[in-house]
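Pasted below: upload.tsv, TSV, C-alpha atoms and all ligand atoms.
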chain	number	residue	atom	x	y	z
Q	1	MET	CA	140.89	120.29	109.59
Q	2	LYS	CA	141.19	123.31	107.34
Q	3	THR	CA	137.72	122.78	105.89
Q	4	LYS	CA	136.33	122.47	109.42
Q	5	LEU	CA	137.91	125.80	110.34
Q	6	ILE	CA	136.55	127.49	107.23
Q	7	TYR	CA	133.11	126.01	107.94
Q	8	SER	CA	133.19	127.30	111.54
Q	9	LEU	CA	134.26	130.77	110.39
Q	10	PHE	CA	131.51	130.71	107.82
Q	11	ILE	CA	128.89	129.87	110.46
Q	12	LEU	CA	130.22	132.58	112.73
Q	13	ALA	CA	130.16	135.20	109.95
Q	14	LEU	CA	126.64	134.35	108.90
Q	15	LEU	CA	125.21	134.16	112.39
Q	16	SER	CA	126.76	137.42	113.52
Q	17	CYS	CA	125.02	139.37	110.75
Q	18	LYS	CA	121.88	139.53	112.84
Q	19	VAL	CA	122.48	140.12	116.48
Q	20	GLU	CA	119.25	141.72	117.58
Q	21	ASP	CA	117.96	140.17	120.76
Q	22	LYS	CA	115.06	137.77	120.63
Q	23	GLN	CA	111.72	139.31	121.49
Q	24	ALA	CA	108.42	137.73	122.38
Q	25	SER	CA	107.16	136.95	118.86
Q	26	THR	CA	103.56	137.85	118.64
Q	27	SER	CA	103.48	136.93	114.98
Q	28	ILE	CA	105.23	133.72	114.08
Q	29	LYS	CA	105.65	133.61	110.31
Q	30	THR	CA	108.41	131.07	109.75
Q	31	ILE	CA	109.44	128.01	111.75
Q	32	VAL	CA	112.48	125.93	110.83
Q	33	CYS	CA	112.57	122.26	111.90
Q	34	THR	CA	115.41	119.78	111.50
Q	35	THR	CA	113.83	116.35	110.87
Q	36	GLY	CA	110.78	115.41	108.83
Q	37	MET	CA	109.00	114.03	111.90
Q	38	LEU	CA	109.31	117.44	113.60
Q	39	GLY	CA	108.26	119.31	110.46
Q	40	ASP	CA	105.15	117.14	110.22
Q	41	ALA	CA	104.24	117.71	113.87
Q	42	VAL	CA	104.75	121.48	113.62
Q	43	GLU	CA	102.66	121.69	110.43
Q	44	HIS	CA	99.83	119.98	112.28
Q	45	ILE	CA	100.18	122.41	115.20
Q	46	VAL	CA	100.40	125.70	113.30
Q	47	GLY	CA	98.15	125.02	110.31
Q	48	PRO	CA	98.47	126.54	106.83
Q	49	ASN	CA	99.15	130.18	107.73
Q	50	VAL	CA	102.67	129.72	109.07
Q	51	GLU	CA	105.57	128.67	106.84
Q	52	VAL	CA	107.28	125.50	108.09
Q	53	ILE	CA	110.71	124.68	106.63
Q	54	THR	CA	112.16	121.20	107.17
Q	55	LEU	CA	115.92	120.94	106.67
Q	56	MET	CA	116.34	117.15	106.41
Q	57	GLY	CA	114.35	115.48	103.65
Q	58	PRO	CA	113.61	111.80	102.90
Q	59	GLY	CA	116.56	109.44	103.22
Q	60	VAL	CA	118.70	111.98	105.09
Q	61	ASP	CA	120.68	110.74	108.09
Q	62	PRO	CA	120.43	113.35	110.91
Q	63	HIS	CA	123.51	111.98	112.75
Q	64	LEU	CA	125.72	112.91	109.81
Q	65	TYR	CA	123.84	115.94	108.52
Q	66	LYS	CA	125.73	119.20	108.14
Q	67	ALA	CA	123.86	122.45	107.61
Q	68	THR	CA	124.20	123.91	104.12
Q	69	GLN	CA	124.58	127.59	103.33
Q	70	GLY	CA	120.87	127.70	102.48
Q	71	ASP	CA	120.00	126.08	105.83
Q	72	LEU	CA	121.97	128.71	107.73
Q	73	LYS	CA	120.06	131.45	105.93
Q	74	SER	CA	116.75	129.76	106.78
Q	75	LEU	CA	117.83	129.39	110.42
Q	76	THR	CA	118.87	133.04	110.76
Q	77	ASN	CA	115.60	134.20	109.17
Q	78	ALA	CA	113.36	131.91	111.24
Q	79	ASP	CA	111.11	133.20	114.03
Q	80	VAL	CA	111.34	129.86	115.83
Q	81	ILE	CA	113.67	126.84	115.47
Q	82	VAL	CA	112.58	123.34	116.48
Q	83	TYR	CA	115.07	120.51	116.83
Q	84	ASN	CA	115.05	117.01	118.36
Q	85	GLY	CA	117.96	117.25	120.79
Q	86	LEU	CA	119.87	114.53	122.74
Q	87	HIS	CA	122.58	114.99	120.07
Q	88	LEU	CA	120.49	113.55	117.25
Q	89	GLU	CA	121.61	116.48	115.10
Q	90	GLY	CA	125.19	115.77	116.13
Q	91	LYS	CA	126.91	118.03	113.61
Q	92	MET	CA	124.68	121.05	114.24
Q	93	GLY	CA	125.39	121.58	117.95
Q	94	GLU	CA	127.69	124.53	117.32
Q	95	ILE	CA	125.05	126.31	115.24
Q	96	PHE	CA	122.30	125.83	117.84
Q	97	GLU	CA	124.61	127.12	120.54
Q	98	LYS	CA	125.28	130.29	118.57
Q	99	LEU	CA	121.63	130.85	117.72
Q	100	GLU	CA	120.41	130.34	121.26
Q	101	LYS	CA	120.85	134.00	122.21
Q	102	GLN	CA	119.05	135.36	119.18
Q	103	LYS	CA	116.28	132.89	118.44
Q	104	HIS	CA	113.37	131.15	120.10
Q	105	ILE	CA	114.43	127.53	120.15
Q	106	ILE	CA	112.25	124.57	121.08
Q	107	VAL	CA	113.86	121.21	121.83
Q	108	ALA	CA	111.40	118.33	121.34
Q	109	ALA	CA	113.18	115.97	123.75
Q	110	GLU	CA	112.67	118.46	126.60
Q	111	GLY	CA	109.01	117.40	126.63
Q	112	LEU	CA	110.10	114.14	128.26
Q	113	THR	CA	111.33	113.53	131.79
Q	114	GLU	CA	114.83	112.20	132.59
Q	115	GLU	CA	113.30	108.85	133.61
Q	116	GLU	CA	111.71	108.47	130.19
Q	117	TYR	CA	115.02	108.66	128.34
Q	118	ILE	CA	116.92	105.51	127.44
Q	119	ASN	CA	120.59	105.74	128.32
Q	120	ASN	CA	123.09	105.40	125.51
Q	121	THR	CA	125.24	102.43	126.45
Q	122	GLU	CA	128.13	103.61	124.25
Q	123	PHE	CA	128.59	107.06	125.75
Q	124	GLN	CA	128.30	107.55	129.47
Q	125	GLY	CA	125.87	110.30	130.42
Q	126	ALA	CA	124.33	110.45	126.94
Q	127	GLN	CA	120.81	109.42	126.01
Q	128	ASP	CA	119.28	107.70	123.01
Q	129	PRO	CA	117.76	110.44	120.81
Q	130	HIS	CA	115.29	108.27	118.82
Q	131	ILE	CA	112.27	109.25	120.93
Q	132	TRP	CA	109.75	109.24	118.04
Q	133	PHE	CA	109.64	105.41	117.98
Q	134	ASP	CA	107.55	105.28	121.14
Q	135	VAL	CA	104.39	106.90	119.84
Q	136	ALA	CA	103.06	107.77	123.31
Q	137	LEU	CA	106.34	109.50	124.19
Q	138	TRP	CA	106.36	111.30	120.86
Q	139	SER	CA	102.90	112.69	121.64
Q	140	LYS	CA	104.41	114.19	124.82
Q	141	ALA	CA	107.18	115.78	122.77
Q	142	VAL	CA	104.55	117.17	120.36
Q	143	GLN	CA	102.52	118.49	123.29
Q	144	HIS	CA	105.65	120.27	124.56
Q	145	ILE	CA	106.25	121.89	121.14
Q	146	GLY	CA	102.58	122.98	120.97
Q	147	THR	CA	102.66	124.51	124.46
Q	148	GLU	CA	105.89	126.40	123.75
Q	149	LEU	CA	104.65	127.71	120.41
Q	150	ALA	CA	101.40	128.89	122.01
Q	151	GLN	CA	103.37	130.75	124.68
Q	152	LEU	CA	105.35	132.61	122.03
Q	153	SER	CA	102.27	133.68	120.10
Q	154	SER	CA	99.56	136.31	120.20
Q	155	ASP	CA	96.32	135.22	121.88
Q	156	SER	CA	94.40	134.34	118.73
Q	157	LEU	CA	97.24	132.25	117.29
Q	158	ALA	CA	97.81	130.59	120.65
Q	159	ILE	CA	94.22	129.32	120.72
Q	160	THR	CA	94.62	127.81	117.24
Q	161	PHE	CA	97.93	126.17	118.21
Q	162	LYS	CA	96.44	124.69	121.39
Q	163	THR	CA	93.37	123.32	119.60
Q	164	ASN	CA	95.48	121.80	116.81
Q	165	THR	CA	97.93	120.28	119.30
Q	166	LYS	CA	95.09	118.68	121.19
Q	167	SER	CA	93.63	117.09	118.08
Q	168	TYR	CA	97.02	115.87	116.72
Q	169	THR	CA	98.14	114.36	120.04
Q	170	ALA	CA	94.76	112.59	120.24
Q	171	GLN	CA	95.49	111.09	116.80
Q	172	LEU	CA	98.90	110.00	118.04
Q	173	LEU	CA	97.45	108.25	121.08
Q	174	GLN	CA	95.03	106.45	118.79
Q	175	LEU	CA	97.99	105.43	116.62
Q	176	ASN	CA	99.76	104.12	119.72
Q	177	THR	CA	96.80	101.86	120.50
Q	178	SER	CA	96.73	100.54	116.94
Q	179	VAL	CA	100.49	99.82	117.05
Q	180	GLN	CA	99.98	97.81	120.23
Q	181	GLN	CA	97.16	95.83	118.61
Q	182	GLU	CA	99.27	95.18	115.50
Q	183	VAL	CA	102.37	93.93	117.36
Q	184	ASN	CA	100.17	91.65	119.47
Q	185	LYS	CA	99.75	89.52	116.33
Q	186	LEU	CA	103.37	88.45	116.88
Q	187	ASP	CA	104.22	85.84	119.45
Q	188	SER	CA	106.57	87.34	122.05
Q	189	SER	CA	109.32	84.84	121.10
Q	190	LYS	CA	109.32	86.31	117.58
Q	191	ARG	CA	109.70	89.88	118.73
Q	192	ILE	CA	113.38	90.40	117.92
Q	193	LEU	CA	114.07	93.38	115.71
Q	194	ILE	CA	117.44	93.61	113.91
Q	195	THR	CA	118.22	96.79	112.00
Q	196	ALA	CA	121.20	98.61	110.46
Q	197	HIS	CA	121.71	100.91	113.44
Q	198	ASP	CA	120.38	101.07	116.97
Q	199	ALA	CA	117.43	103.37	116.29
Q	200	PHE	CA	114.66	101.22	117.74
Q	201	GLY	CA	115.41	101.19	121.47
Q	202	TYR	CA	112.29	103.19	122.36
Q	203	PHE	CA	110.21	101.04	120.01
Q	204	GLY	CA	111.50	97.91	121.75
Q	205	ARG	CA	110.78	99.21	125.24
Q	206	ALA	CA	107.28	100.43	124.34
Q	207	TYR	CA	106.12	97.40	122.36
Q	208	ASN	CA	108.08	94.65	124.00
Q	209	PHE	CA	110.71	93.78	121.38
Q	210	LYS	CA	114.35	92.86	121.82
Q	211	VAL	CA	116.27	95.15	119.50
Q	212	ARG	CA	119.74	95.02	118.03
Q	213	GLY	CA	121.50	97.15	115.45
Q	214	LEU	CA	124.70	96.46	113.58
Q	215	GLN	CA	125.87	100.01	114.17
Q	216	GLY	CA	125.44	101.85	117.44
Q	217	ILE	CA	122.94	104.55	118.39
Q	218	SER	CA	124.65	107.03	116.07
Q	219	THR	CA	125.66	106.10	112.53
Q	220	THR	CA	128.90	108.00	113.14
Q	221	SER	CA	130.26	104.96	115.00
Q	222	GLU	CA	132.07	102.43	112.79
Q	223	TYR	CA	131.25	98.73	112.87
Q	224	GLY	CA	133.83	96.00	112.38
Q	225	LEU	CA	134.04	92.36	111.38
Q	226	LYS	CA	133.47	91.33	114.98
Q	227	ASP	CA	130.17	93.22	115.10
Q	228	VAL	CA	129.07	91.40	111.95
Q	229	SER	CA	130.07	87.96	113.27
Q	230	ASP	CA	128.48	88.62	116.71
Q	231	LEU	CA	125.23	89.59	115.04
Q	232	VAL	CA	125.38	86.57	112.71
Q	233	ASN	CA	125.79	84.25	115.71
Q	234	TYR	CA	122.91	85.94	117.51
Q	235	ILE	CA	120.59	85.57	114.49
Q	236	VAL	CA	121.53	81.92	113.92
Q	237	HIS	CA	121.17	81.10	117.64
Q	238	ASN	CA	117.74	82.74	117.89
Q	239	GLU	CA	116.58	81.42	114.49
Q	240	ILE	CA	115.56	84.91	113.42
Q	241	LYS	CA	113.79	84.98	110.06
Q	242	ALA	CA	114.26	88.57	108.95
Q	243	VAL	CA	116.41	91.66	109.39
Q	244	PHE	CA	115.41	95.15	108.30
Q	245	VAL	CA	117.20	97.81	106.27
Q	246	GLU	CA	116.66	101.51	106.90
Q	247	SER	CA	115.87	104.28	104.42
Q	248	SER	CA	118.55	106.60	105.83
Q	249	VAL	CA	121.40	104.04	106.20
Q	250	SER	CA	123.25	102.13	103.44
Q	251	GLU	CA	122.00	98.56	102.85
Q	252	LYS	CA	125.54	97.26	102.38
Q	253	SER	CA	126.14	96.69	106.10
Q	254	LEU	CA	123.24	94.28	106.60
Q	255	GLN	CA	123.99	92.40	103.40
Q	256	ALA	CA	127.21	91.15	105.04
Q	257	VAL	CA	125.12	89.84	107.94
Q	258	VAL	CA	122.71	88.01	105.60
Q	259	GLU	CA	125.67	86.39	103.78
Q	260	GLY	CA	127.30	85.46	107.08
Q	261	CYS	CA	124.12	83.68	108.18
Q	262	LEU	CA	123.91	81.81	104.85
Q	263	GLN	CA	127.48	80.54	105.30
Q	264	LYS	CA	126.35	79.07	108.62
Q	265	GLY	CA	123.41	77.40	106.91
Q	266	HIS	CA	120.77	79.80	108.24
Q	267	GLN	CA	118.62	81.66	105.79
Q	268	VAL	CA	117.62	85.13	106.94
Q	269	LYS	CA	115.83	87.52	104.61
Q	270	ILE	CA	115.73	91.28	104.37
Q	271	GLY	CA	112.25	91.79	105.78
Q	272	GLY	CA	111.84	95.18	104.13
Q	273	GLN	CA	112.83	98.79	104.52
Q	274	LEU	CA	111.98	100.75	107.64
Q	275	TYR	CA	111.81	104.51	107.94
Q	276	SER	CA	114.05	105.08	110.92
Q	277	ASP	CA	115.56	108.57	111.13
Q	278	ALA	CA	113.78	110.08	108.12
Q	279	MET	CA	110.28	109.84	106.71
Q	280	GLY	CA	109.33	108.66	103.20
Q	281	ASP	CA	108.91	110.84	100.11
Q	282	ALA	CA	106.62	113.85	100.28
Q	283	GLU	CA	103.10	113.23	98.94
Q	284	THR	CA	103.26	109.54	99.93
Q	285	VAL	CA	101.62	107.98	102.99
Q	286	GLU	CA	105.08	107.23	104.43
Q	287	GLY	CA	105.94	110.90	104.03
Q	288	THR	CA	103.97	111.59	107.22
Q	289	TYR	CA	104.85	110.52	110.75
Q	290	ILE	CA	101.66	108.48	111.17
Q	291	GLY	CA	102.16	106.79	107.77
Q	292	MET	CA	105.80	106.02	108.53
Q	293	VAL	CA	104.93	104.35	111.84
Q	294	GLN	CA	102.14	102.31	110.24
Q	295	HIS	CA	104.48	101.21	107.43
Q	296	ASN	CA	107.21	100.21	109.90
Q	297	VAL	CA	104.90	98.19	112.13
Q	298	LYS	CA	103.26	96.40	109.20
Q	299	THR	CA	106.68	95.57	107.69
Q	300	ILE	CA	108.06	94.33	111.02
Q	301	VAL	CA	105.06	92.15	111.87
Q	302	GLU	CA	104.86	90.63	108.36
Q	303	GLY	CA	108.61	90.07	108.19
Q	304	LEU	CA	108.83	88.25	111.51
Q	305	GLN	CA	105.63	86.21	111.30
K	1	ZN	ZN	119.63	107.15	114.31

What is this structure when it is put down as structure tokens?
Amino acid sequence: MKTKLIYSLFILALLSCKVEDKQASTSIKTIVCTTGMLGDAVEHIVGPNVEVITLMGPGVDPHLYKATQGDLKSLTNADVIVYNGLHLEGKMGEIFEKLEKQKHIIVAAEGLTEEEYINNTEFQGAQDPHIWFDVALWSKAVQHIGTELAQLSSDSLAITFKTNTKSYTAQLLQLNTSVQQEVNKLDSSKRILITAHDAFGYFGRAYNFKVRGLQGISTTSEYGLKDVSDLVNYIVHNEIKAVFVESSVSEKSLQAVVEGCLQKGHQVKIGGQLYSDAMGDAETVEGTYIGMVQHNVKTIVEGLQ
């Protein structure tokens, strides 16, 4: 409680240092993004002449992430802030609220319509934030970011941003087609995706998979023995061959499920690691959004075949 109070005071102190009102930025020099997927999209949109800072690196869980002192400095110095929204960055809400008056903020999820959101079954009125798993929807979110950035910029920059957005969203739509072709290799009866937490709802809806996670939509929710035994029964009943661990969630949880299945005489393997809420290491193929999606789809299809 005391640490929370100190943390809040610290945020307040830092954010009140700069209280000049936001102006129409004609020169955007620095953009701060929360997740790797957003950082990647923004880098594609703005090109090499704008600095893009991504707060959450590989393996980082955005549901649990708390801004560091360095992050707060980056946020207060940024010309534009881009975050996912729908409470993905659950512990940063207070900071975004405070920055709203001073900074240009773009929320990726606002590129989608209400009807396109998946409702969070655990919290009434809340929506599932994992929109990047439906590649076609993600291209709409990227389009929204590109349009907003162009509006904030001088004419010459705006043209560059619009051209780059057009070419990146075209790449994303191509990726969407290739994902559809890849998952079509799997018989529809085999399309059951079990992961550590419920990140793949949009993936399931877009590519026709049943999805289930041991933990809920946010990793902040605890799971109990009953969740493990329910999932074990479901896997045994449906004769599911593989479950998948996630790079940003501990493997321990799913290990209990694998052991539970073994005790019931059903062998289920860990089908591989998926990049769910964070991308892979920088300088690797999986360290890009497109590479991460391709890796996930390949791993899922091979694991369930
Ligand atoms: Zn998540």

Quick one: residues within 12 Å of Q:Ala158, all atoms listed in the file counted, chain neighbours fewer than 6 positions away excluded, as a list in words?
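What passes the distance filter is Ser25, Thr26, Ser27, Ile28, Ile45, Val46, Gly47, Gly146, Thr147, Glu148, Leu149, Ala150, Gln151, Leu152, Asn164 and Thr165 of chain Q.
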
Could you list, as a PyMOL selection string, all protein and nucleic acid residues with an atom at most 7 Å from ligand ZN 1 (chain K), counting only C-alpha atoms and all ligand atoms?
chain Q and resi 63+130+197-199+217-219+276-277

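Residues near the point (120.5, 115.3, 123.5), at a distance of 10 Å or less over only C-alpha atoms, make up Asn84, Gly85, Leu86, His87, Leu88, Glu89, Gly90, Gly93, Val107, Ala108, Ala109, Glu110, Tyr117, Ala126, Gln127, Asp128, Pro129 and His130 of chain Q.
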
Residues within 8 Å of Q:Glu122, only C-alpha atoms, excluding chain neighbours under 2 positions, as a list of chain:residue names
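Returned residues: Q:Asn120, Q:Gln124, Q:Gly216, Q:Ile217.
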
Work out where the centre of an axis-aligned box around every listed atom of stretch 213-220 of chain Q lies and how long its edges are once 5 Å is added on each side; give both in Å to one decimal as AutoDock Vina command-line options.
--center_x 125.2 --center_y 102.2 --center_z 115.5 --size_x 17.4 --size_y 21.5 --size_z 15.9

Q:Leu38, Q:Cys33, Q:Cys261, Q:Val50 ranked by distance to Q:Trp138, top pick (using only C-alpha atoms)
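The closest residue to Q:Trp138 is Q:Leu38.
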
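Here atom CA of Q:Trp132 and atom CA of Q:Met37 stand 7.8 Å from one another.
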
At a cut-off of 8 Å, using all atoms listed in the file, what residues contact Q:Phe209? Leave out same-chain residues fewer than 6 positions from it and give the result as number ranges by chain.
Q: 188, 191-193, 203
